[in-house]
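Below is the file structure.tsv, which contains TSV, N, CA and C atoms.
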chain	number	residue	atom	x	y	z
A	1	MET	N	10.77	-74.72	-11.79
A	1	MET	CA	11.40	-74.01	-10.72
A	1	MET	C	12.41	-73.00	-11.27
A	2	ASP	N	13.09	-73.41	-12.29
A	2	ASP	CA	14.09	-72.56	-12.93
A	2	ASP	C	13.43	-71.32	-13.53
A	3	MET	N	12.24	-71.49	-14.05
A	3	MET	CA	11.50	-70.39	-14.65
A	3	MET	C	11.07	-69.37	-13.59
A	4	ILE	N	10.66	-69.88	-12.44
A	4	ILE	CA	10.24	-68.99	-11.34
A	4	ILE	C	11.44	-68.18	-10.85
A	5	LYS	N	12.59	-68.83	-10.70
A	5	LYS	CA	13.81	-68.13	-10.27
A	5	LYS	C	14.17	-67.06	-11.29
A	6	LYS	N	14.11	-67.41	-12.56
A	6	LYS	CA	14.42	-66.45	-13.62
A	6	LYS	C	13.46	-65.27	-13.58
A	7	PHE	N	12.17	-65.56	-13.39
A	7	PHE	CA	11.16	-64.51	-13.28
A	7	PHE	C	11.45	-63.60	-12.08
A	8	ASN	N	11.77	-64.21	-10.93
A	8	ASN	CA	12.07	-63.43	-9.71
A	8	ASN	C	13.31	-62.56	-9.92
A	9	ASP	N	14.32	-63.11	-10.58
A	9	ASP	CA	15.54	-62.35	-10.86
A	9	ASP	C	15.23	-61.16	-11.76
A	10	GLU	N	14.45	-61.39	-12.79
A	10	GLU	CA	14.08	-60.32	-13.71
A	10	GLU	C	13.23	-59.26	-12.99
A	11	LEU	N	12.32	-59.73	-12.15
A	11	LEU	CA	11.47	-58.82	-11.39
A	11	LEU	C	12.32	-57.96	-10.45
A	12	LEU	N	13.27	-58.60	-9.78
A	12	LEU	CA	14.16	-57.88	-8.87
A	12	LEU	C	14.99	-56.85	-9.65
A	13	GLN	N	15.51	-57.26	-10.79
A	13	GLN	CA	16.30	-56.36	-11.63
A	13	GLN	C	15.44	-55.17	-12.09
A	14	HIS	N	14.23	-55.48	-12.52
A	14	HIS	CA	13.31	-54.43	-12.96
A	14	HIS	C	12.98	-53.47	-11.80
A	15	LYS	N	12.73	-54.04	-10.63
A	15	LYS	CA	12.40	-53.24	-9.45
A	15	LYS	C	13.57	-52.34	-9.07
A	16	THR	N	14.79	-52.88	-9.12
A	16	THR	CA	15.99	-52.11	-8.80
A	16	THR	C	16.17	-50.97	-9.80
A	17	THR	N	15.98	-51.26	-11.07
A	17	THR	CA	16.09	-50.24	-12.11
A	17	THR	C	15.05	-49.14	-11.91
A	18	MET	N	13.83	-49.54	-11.59
A	18	MET	CA	12.77	-48.55	-11.34
A	18	MET	C	13.10	-47.69	-10.13
A	19	GLN	N	13.63	-48.28	-9.07
A	19	GLN	CA	13.98	-47.51	-7.88
A	19	GLN	C	15.09	-46.51	-8.20
A	20	GLU	N	16.06	-46.94	-8.97
A	20	GLU	CA	17.14	-46.03	-9.36
A	20	GLU	C	16.58	-44.89	-10.21
A	21	ASP	N	15.69	-45.22	-11.15
A	21	ASP	CA	15.08	-44.20	-12.00
A	21	ASP	C	14.25	-43.23	-11.16
A	22	MET	N	13.51	-43.77	-10.21
A	22	MET	CA	12.68	-42.91	-9.34
A	22	MET	C	13.56	-41.99	-8.51
A	23	GLN	N	14.67	-42.53	-8.00
A	23	GLN	CA	15.59	-41.72	-7.21
A	23	GLN	C	16.20	-40.61	-8.07
A	24	GLN	N	16.55	-40.94	-9.29
A	24	GLN	CA	17.12	-39.95	-10.21
A	24	GLN	C	16.09	-38.86	-10.52
A	25	LEU	N	14.85	-39.27	-10.75
A	25	LEU	CA	13.79	-38.29	-11.01
A	25	LEU	C	13.55	-37.39	-9.79
A	26	LYS	N	13.60	-38.00	-8.62
A	26	LYS	CA	13.40	-37.22	-7.38
A	26	LYS	C	14.53	-36.20	-7.22
A	27	THR	N	15.75	-36.63	-7.51
A	27	THR	CA	16.89	-35.71	-7.43
A	27	THR	C	16.73	-34.57	-8.42
A	28	GLN	N	16.33	-34.88	-9.64
A	28	GLN	CA	16.11	-33.84	-10.65
A	28	GLN	C	15.00	-32.90	-10.22
A	29	GLN	N	13.96	-33.45	-9.63
A	29	GLN	CA	12.85	-32.61	-9.16
A	29	GLN	C	13.34	-31.68	-8.05
A	30	ASP	N	14.16	-32.19	-7.14
A	30	ASP	CA	14.69	-31.35	-6.06
A	30	ASP	C	15.56	-30.23	-6.62
A	31	VAL	N	16.39	-30.56	-7.61
A	31	VAL	CA	17.24	-29.55	-8.24
A	31	VAL	C	16.37	-28.48	-8.91
A	32	LEU	N	15.31	-28.91	-9.59
A	32	LEU	CA	14.41	-27.95	-10.24
A	32	LEU	C	13.72	-27.05	-9.22
A	33	LYS	N	13.30	-27.63	-8.10
A	33	LYS	CA	12.65	-26.84	-7.06
A	33	LYS	C	13.61	-25.77	-6.53
A	34	ILE	N	14.84	-26.18	-6.26
A	34	ILE	CA	15.84	-25.23	-5.75
A	34	ILE	C	16.10	-24.14	-6.79
A	35	SER	N	16.27	-24.55	-8.03
A	35	SER	CA	16.52	-23.59	-9.11
A	35	SER	C	15.35	-22.62	-9.25
A	36	TYR	N	14.14	-23.14	-9.19
A	36	TYR	CA	12.94	-22.30	-9.30
A	36	TYR	C	12.90	-21.30	-8.15
A	37	THR	N	13.17	-21.77	-6.93
A	37	THR	CA	13.13	-20.89	-5.76
A	37	THR	C	14.16	-19.77	-5.89
A	38	ILE	N	15.37	-20.14	-6.34
A	38	ILE	CA	16.43	-19.13	-6.50
A	38	ILE	C	16.03	-18.12	-7.58
A	39	ASN	N	15.53	-18.61	-8.70
A	39	ASN	CA	15.14	-17.69	-9.79
A	39	ASN	C	13.96	-16.82	-9.38
A	40	GLU	N	13.02	-17.39	-8.64
A	40	GLU	CA	11.88	-16.61	-8.15
A	40	GLU	C	12.37	-15.49	-7.24
A	41	LYS	N	13.31	-15.79	-6.34
A	41	LYS	CA	13.87	-14.78	-5.44
A	41	LYS	C	14.59	-13.69	-6.24
A	42	LYS	N	15.39	-14.09	-7.23
A	42	LYS	CA	16.09	-13.11	-8.07
A	42	LYS	C	15.09	-12.20	-8.79
A	43	LEU	N	14.03	-12.79	-9.32
A	43	LEU	CA	13.01	-12.01	-10.03
A	43	LEU	C	12.33	-11.03	-9.07
A	44	MET	N	11.96	-11.51	-7.89
A	44	MET	CA	11.30	-10.63	-6.92
A	44	MET	C	12.23	-9.50	-6.49
A	45	ASP	N	13.51	-9.81	-6.27
A	45	ASP	CA	14.47	-8.77	-5.90
A	45	ASP	C	14.60	-7.74	-7.00
A	46	LYS	N	14.67	-8.22	-8.24
A	46	LYS	CA	14.79	-7.29	-9.38
A	46	LYS	C	13.54	-6.42	-9.50
A	47	MET	N	12.36	-7.03	-9.32
A	47	MET	CA	11.10	-6.26	-9.39
A	47	MET	C	11.05	-5.23	-8.28
A	48	ASN	N	11.40	-5.63	-7.06
A	48	ASN	CA	11.39	-4.70	-5.93
A	48	ASN	C	12.35	-3.55	-6.17
A	49	SER	N	13.53	-3.86	-6.66
A	49	SER	CA	14.53	-2.83	-6.95
A	49	SER	C	14.01	-1.87	-8.02
A	50	SER	N	13.42	-2.43	-9.06
A	50	SER	CA	12.89	-1.60	-10.15
A	50	SER	C	11.77	-0.70	-9.65
A	51	ILE	N	10.85	-1.26	-8.87
A	51	ILE	CA	9.73	-0.47	-8.34
A	51	ILE	C	10.26	0.64	-7.42
A	52	THR	N	11.22	0.29	-6.57
A	52	THR	CA	11.80	1.29	-5.66
A	52	THR	C	12.46	2.42	-6.44
A	53	ASN	N	13.21	2.07	-7.49
A	53	ASN	CA	13.85	3.11	-8.30
A	53	ASN	C	12.83	4.01	-8.97
A	54	ILE	N	11.77	3.42	-9.52
A	54	ILE	CA	10.72	4.21	-10.17
A	54	ILE	C	10.06	5.14	-9.16
A	55	LEU	N	9.71	4.59	-7.98
A	55	LEU	CA	9.07	5.42	-6.95
A	55	LEU	C	10.00	6.55	-6.51
A	56	ASN	N	11.27	6.23	-6.32
A	56	ASN	CA	12.22	7.29	-5.89
A	56	ASN	C	12.30	8.41	-6.92
A	57	ARG	N	12.32	8.05	-8.20
A	57	ARG	CA	12.36	9.08	-9.26
A	57	ARG	C	11.07	9.89	-9.27
A	58	ARG	N	9.94	9.21	-9.04
A	58	ARG	CA	8.64	9.92	-9.09
A	58	ARG	C	8.47	10.89	-7.93
A	59	ILE	N	8.97	10.52	-6.74
A	59	ILE	CA	8.73	11.37	-5.57
A	59	ILE	C	9.86	12.36	-5.30
A	60	GLU	N	10.93	12.25	-6.06
A	60	GLU	CA	12.07	13.14	-5.85
A	60	GLU	C	11.63	14.60	-5.94
A	61	GLY	N	11.92	15.33	-4.88
A	61	GLY	CA	11.55	16.74	-4.82
A	61	GLY	C	10.13	16.97	-4.31
A	62	LYS	N	9.37	15.90	-4.14
A	62	LYS	CA	7.97	16.04	-3.69
A	62	LYS	C	7.77	15.44	-2.29
A	63	GLU	N	8.88	15.20	-1.58
A	63	GLU	CA	8.79	14.53	-0.29
A	63	GLU	C	7.90	15.27	0.70
A	64	SER	N	8.05	16.61	0.78
A	64	SER	CA	7.24	17.40	1.72
A	64	SER	C	5.76	17.34	1.36
A	65	GLU	N	5.46	17.40	0.07
A	65	GLU	CA	4.07	17.32	-0.39
A	65	GLU	C	3.45	15.97	-0.02
A	66	ILE	N	4.21	14.92	-0.24
A	66	ILE	CA	3.71	13.58	0.07
A	66	ILE	C	3.54	13.42	1.57
A	67	LEU	N	4.52	13.92	2.35
A	67	LEU	CA	4.43	13.85	3.80
A	67	LEU	C	3.20	14.62	4.29
A	68	MET	N	2.94	15.77	3.68
A	68	MET	CA	1.76	16.57	4.05
A	68	MET	C	0.48	15.78	3.78
A	69	LYS	N	0.41	15.10	2.63
A	69	LYS	CA	-0.78	14.30	2.32
A	69	LYS	C	-0.97	13.18	3.34
A	70	ILE	N	0.14	12.55	3.72
A	70	ILE	CA	0.06	11.50	4.75
A	70	ILE	C	-0.43	12.10	6.06
A	71	TRP	N	0.11	13.25	6.41
A	71	TRP	CA	-0.27	13.94	7.64
A	71	TRP	C	-1.76	14.27	7.62
A	72	ILE	N	-2.24	14.81	6.51
A	72	ILE	CA	-3.67	15.15	6.38
A	72	ILE	C	-4.53	13.90	6.55
A	73	ASN	N	-4.11	12.80	5.92
A	73	ASN	CA	-4.87	11.55	6.06
A	73	ASN	C	-4.88	11.06	7.51
A	74	GLU	N	-3.74	11.23	8.21
A	74	GLU	CA	-3.69	10.86	9.63
A	74	GLU	C	-4.68	11.71	10.43
A	75	PHE	N	-4.69	13.03	10.15
A	75	PHE	CA	-5.62	13.90	10.87
A	75	PHE	C	-7.07	13.54	10.57
A	76	LYS	N	-7.36	13.21	9.33
A	76	LYS	CA	-8.73	12.79	8.98
A	76	LYS	C	-9.13	11.57	9.79
A	77	GLU	N	-8.19	10.62	9.90
A	77	GLU	CA	-8.47	9.41	10.68
A	77	GLU	C	-8.69	9.75	12.15
A	78	ILE	N	-7.85	10.66	12.68
A	78	ILE	CA	-8.00	11.07	14.08
A	78	ILE	C	-9.37	11.71	14.28
A	79	ILE	N	-9.76	12.61	13.38
A	79	ILE	CA	-11.05	13.29	13.50
A	79	ILE	C	-12.20	12.29	13.39
A	80	ASN	N	-12.08	11.35	12.44
A	80	ASN	CA	-13.14	10.34	12.29
A	80	ASN	C	-13.25	9.45	13.52
A	81	ASN	N	-12.14	9.23	14.19
A	81	ASN	CA	-12.16	8.36	15.37
A	81	ASN	C	-12.37	9.12	16.68
A	82	PHE	N	-12.53	10.44	16.59
A	82	PHE	CA	-12.64	11.23	17.81
A	82	PHE	C	-13.88	10.86	18.62
A	83	GLU	N	-14.98	10.57	17.94
A	83	GLU	CA	-16.20	10.17	18.66
A	83	GLU	C	-15.94	8.92	19.49
A	84	LYS	N	-15.18	7.99	18.91
A	84	LYS	CA	-14.83	6.78	19.65
A	84	LYS	C	-13.94	7.12	20.83
A	85	LEU	N	-13.03	8.09	20.62
A	85	LEU	CA	-12.13	8.50	21.70
A	85	LEU	C	-12.90	9.08	22.88
A	86	ARG	N	-13.90	9.88	22.58
A	86	ARG	CA	-14.67	10.53	23.66
A	86	ARG	C	-15.37	9.52	24.54
A	87	LYS	N	-15.64	8.34	24.01
A	87	LYS	CA	-16.34	7.31	24.78
A	87	LYS	C	-15.39	6.49	25.66
A	88	LEU	N	-14.09	6.72	25.52
A	88	LEU	CA	-13.12	5.97	26.32
A	88	LEU	C	-13.11	6.46	27.75
A	89	LYS	N	-12.58	5.63	28.63
A	89	LYS	CA	-12.39	6.03	30.03
A	89	LYS	C	-11.30	7.10	30.05
A	90	PRO	N	-11.31	7.97	31.06
A	90	PRO	CA	-10.37	9.09	31.09
A	90	PRO	C	-8.89	8.68	30.91
A	91	LYS	N	-8.48	7.61	31.55
A	91	LYS	CA	-7.09	7.20	31.44
A	91	LYS	C	-6.76	6.73	30.01
A	92	GLU	N	-7.66	5.94	29.42
A	92	GLU	CA	-7.46	5.48	28.04
A	92	GLU	C	-7.49	6.68	27.08
A	93	PHE	N	-8.37	7.62	27.33
A	93	PHE	CA	-8.47	8.82	26.51
A	93	PHE	C	-7.15	9.59	26.55
A	94	SER	N	-6.61	9.72	27.74
A	94	SER	CA	-5.35	10.44	27.92
A	94	SER	C	-4.21	9.72	27.17
A	95	VAL	N	-4.15	8.41	27.26
A	95	VAL	CA	-3.11	7.64	26.56
A	95	VAL	C	-3.24	7.83	25.06
A	96	ARG	N	-4.44	7.77	24.56
A	96	ARG	CA	-4.67	7.91	23.11
A	96	ARG	C	-4.32	9.33	22.64
A	97	LEU	N	-4.67	10.34	23.45
A	97	LEU	CA	-4.31	11.72	23.11
A	97	LEU	C	-2.79	11.89	23.08
A	98	ASN	N	-2.10	11.23	24.00
A	98	ASN	CA	-0.63	11.28	23.98
A	98	ASN	C	-0.07	10.64	22.71
A	99	GLU	N	-0.68	9.53	22.28
A	99	GLU	CA	-0.26	8.89	21.03
A	99	GLU	C	-0.46	9.83	19.84
A	100	ILE	N	-1.60	10.50	19.82
A	100	ILE	CA	-1.88	11.45	18.73
A	100	ILE	C	-0.87	12.59	18.77
A	101	SER	N	-0.60	13.10	19.97
A	101	SER	CA	0.37	14.18	20.13
A	101	SER	C	1.75	13.75	19.65
A	102	ASP	N	2.15	12.53	19.99
A	102	ASP	CA	3.45	12.01	19.53
A	102	ASP	C	3.49	11.91	18.01
A	103	THR	N	2.39	11.46	17.41
A	103	THR	CA	2.32	11.36	15.95
A	103	THR	C	2.48	12.73	15.32
A	104	ILE	N	1.81	13.72	15.88
A	104	ILE	CA	1.91	15.09	15.36
A	104	ILE	C	3.35	15.59	15.49
A	105	GLU	N	3.99	15.31	16.61
A	105	GLU	CA	5.39	15.73	16.80
A	105	GLU	C	6.31	15.10	15.76
A	106	VAL	N	6.08	13.82	15.47
A	106	VAL	CA	6.88	13.14	14.45
A	106	VAL	C	6.72	13.83	13.10
A	107	PHE	N	5.48	14.17	12.76
A	107	PHE	CA	5.23	14.84	11.48
A	107	PHE	C	5.89	16.23	11.47
A	108	LYS	N	5.80	16.93	12.59
A	108	LYS	CA	6.43	18.25	12.66
A	108	LYS	C	7.93	18.15	12.44
A	109	GLN	N	8.55	17.18	13.09
A	109	GLN	CA	10.00	16.97	12.95
A	109	GLN	C	10.37	16.66	11.50
A	110	LYS	N	9.59	15.81	10.87
A	110	LYS	CA	9.86	15.43	9.49
A	110	LYS	C	9.71	16.64	8.56
A	111	LEU	N	8.72	17.47	8.84
A	111	LEU	CA	8.54	18.66	8.02
A	111	LEU	C	9.70	19.64	8.19
A	112	LEU	N	10.23	19.73	9.39
A	112	LEU	CA	11.34	20.63	9.65
A	112	LEU	C	12.64	20.13	9.02
A	113	ASP	N	12.74	18.80	8.88
A	113	ASP	CA	13.94	18.22	8.25
A	113	ASP	C	13.86	18.47	6.79

What would the structure in this file look like if it were written as structure tokens?
Amino acid sequence: MDMIKKFNDELLQHKTTMQEDMQQLKTQQDVLKISYTINEKKLMDKMNSSITNILNRRIEGKESEILMKIWINEFKEIINNFEKLRKLKPKEFSVRLNEISDTIEVFKQKLLD
């Protein structure tokens, strides 16, 4: 009987030690996850900042040219979709034409700025 009690005590002690170790490992894992998330965010912010700076230097002085290219691509899309527009009901056609007109006005304003 004494041996069984001793075995149970040792088992309980071992189980308690394992639980404490598992809890400590879980805490360390949580700290690592938080640290990883923070470092990942810092890296992404630094990459975004670097890319933005490079793009700003590349397009400096070429804003109107780039805007014109965007405008031309918009017009190409409008022309390509015009056949679809013609098939719309008159009210839908009118709404879509107003959207196109608004887009053109935005581009005109940007060019004038």

Problem - atom C of Leu112 in chain A to CA of Ser94 in chain A, distance in Å rounded to a single decimal - result: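 Interatomic distance, atom C of Leu112 in chain A to CA of Ser94 in chain A: 27.8 Å.
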
Problem - Atomic distance CA of Val106 in chain A - CA of Ser49 in chain A, expressed in Å with one decimal - result: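 Computing the Euclidean distance for CA of Val106 in chain A and CA of Ser49 in chain A yields 27.8 Å.
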
Please identify all polymer residues within 12 Å of range 64-75 of chain A, counting only C-alpha atoms, omitting same-chain residues fewer than 5 positions from it, and present them as a PDB file with N, CA and C atoms, keeping the file's coordinate frame.
ATOM      1  N   ARG A  58       9.940   9.210  -9.040  1.00  0.00           N
ATOM      2  CA  ARG A  58       8.640   9.920  -9.090  1.00  0.00           C
ATOM      3  C   ARG A  58       8.470  10.890  -7.930  1.00  0.00           C
ATOM      4  N   ILE A  59       8.970  10.520  -6.740  1.00  0.00           N
ATOM      5  CA  ILE A  59       8.730  11.370  -5.570  1.00  0.00           C
ATOM      6  C   ILE A  59       9.860  12.360  -5.300  1.00  0.00           C
ATOM      7  N   ASN A  80     -12.080  11.350  12.440  1.00  0.00           N
ATOM      8  CA  ASN A  80     -13.140  10.340  12.290  1.00  0.00           C
ATOM      9  C   ASN A  80     -13.250   9.450  13.520  1.00  0.00           C
ATOM     10  N   ASN A  81     -12.140   9.230  14.190  1.00  0.00           N
ATOM     11  CA  ASN A  81     -12.160   8.360  15.370  1.00  0.00           C
ATOM     12  C   ASN A  81     -12.370   9.120  16.680  1.00  0.00           C
ATOM     13  N   PHE A  82     -12.530  10.440  16.590  1.00  0.00           N
ATOM     14  CA  PHE A  82     -12.640  11.230  17.810  1.00  0.00           C
ATOM     15  C   PHE A  82     -13.880  10.860  18.620  1.00  0.00           C
ATOM     16  N   ILE A 100      -1.600  10.500  19.820  1.00  0.00           N
ATOM     17  CA  ILE A 100      -1.880  11.450  18.730  1.00  0.00           C
ATOM     18  C   ILE A 100      -0.870  12.590  18.770  1.00  0.00           C
ATOM     19  N   SER A 101      -0.600  13.100  19.970  1.00  0.00           N
ATOM     20  CA  SER A 101       0.370  14.180  20.130  1.00  0.00           C
ATOM     21  C   SER A 101       1.750  13.750  19.650  1.00  0.00           C
ATOM     22  N   THR A 103       2.390  11.460  17.410  1.00  0.00           N
ATOM     23  CA  THR A 103       2.320  11.360  15.950  1.00  0.00           C
ATOM     24  C   THR A 103       2.480  12.730  15.320  1.00  0.00           C
ATOM     25  N   ILE A 104       1.810  13.720  15.880  1.00  0.00           N
ATOM     26  CA  ILE A 104       1.910  15.090  15.360  1.00  0.00           C
ATOM     27  C   ILE A 104       3.350  15.590  15.490  1.00  0.00           C
ATOM     28  N   GLU A 105       3.990  15.310  16.610  1.00  0.00           N
ATOM     29  CA  GLU A 105       5.390  15.730  16.800  1.00  0.00           C
ATOM     30  C   GLU A 105       6.310  15.100  15.760  1.00  0.00           C
ATOM     31  N   VAL A 106       6.080  13.820  15.470  1.00  0.00           N
ATOM     32  CA  VAL A 106       6.880  13.140  14.450  1.00  0.00           C
ATOM     33  C   VAL A 106       6.720  13.830  13.100  1.00  0.00           C
ATOM     34  N   PHE A 107       5.480  14.170  12.760  1.00  0.00           N
ATOM     35  CA  PHE A 107       5.230  14.840  11.480  1.00  0.00           C
ATOM     36  C   PHE A 107       5.890  16.230  11.470  1.00  0.00           C
ATOM     37  N   LYS A 108       5.800  16.930  12.590  1.00  0.00           N
ATOM     38  CA  LYS A 108       6.430  18.250  12.660  1.00  0.00           C
ATOM     39  C   LYS A 108       7.930  18.150  12.440  1.00  0.00           C
ATOM     40  N   GLN A 109       8.550  17.180  13.090  1.00  0.00           N
ATOM     41  CA  GLN A 109      10.000  16.970  12.950  1.00  0.00           C
ATOM     42  C   GLN A 109      10.370  16.660  11.500  1.00  0.00           C
ATOM     43  N   LYS A 110       9.590  15.810  10.870  1.00  0.00           N
ATOM     44  CA  LYS A 110       9.860  15.430   9.490  1.00  0.00           C
ATOM     45  C   LYS A 110       9.710  16.640   8.560  1.00  0.00           C
ATOM     46  N   LEU A 111       8.720  17.470   8.840  1.00  0.00           N
ATOM     47  CA  LEU A 111       8.540  18.660   8.020  1.00  0.00           C
ATOM     48  C   LEU A 111       9.700  19.640   8.190  1.00  0.00           C
ATOM     49  N   LEU A 112      10.230  19.730   9.390  1.00  0.00           N
ATOM     50  CA  LEU A 112      11.340  20.630   9.650  1.00  0.00           C
ATOM     51  C   LEU A 112      12.640  20.130   9.020  1.00  0.00           C
ATOM     52  N   ASP A 113      12.740  18.800   8.880  1.00  0.00           N
ATOM     53  CA  ASP A 113      13.940  18.220   8.250  1.00  0.00           C
ATOM     54  C   ASP A 113      13.860  18.470   6.790  1.00  0.00           C
TER      55      ASP A 113
END

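Candidate residues A:His14, A:Glu99, A:Asp45, A:Gln28 were compared for distance to Ile78 in chain A, and the nearest is A:Glu99, using only C-alpha atoms.
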
Handout entry: For CA of Asn39 in chain A and atom C of Arg57 in chain A, the interatomic separation in Å (one decimal)
Key =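 Interatomic distance, CA of Asn39 in chain A to atom C of Arg57 in chain A: 27.9 Å.
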
Box for range 54-66 of chain A - axis-aligned, 3 Å on each of the six sides, all listed atoms - centre and size in Å to one decimal, as AutoDock Vina command-line options.
--center_x 7.9 --center_y 10.4 --center_z -4.2 --size_x 14.9 --size_y 20.0 --size_z 17.9
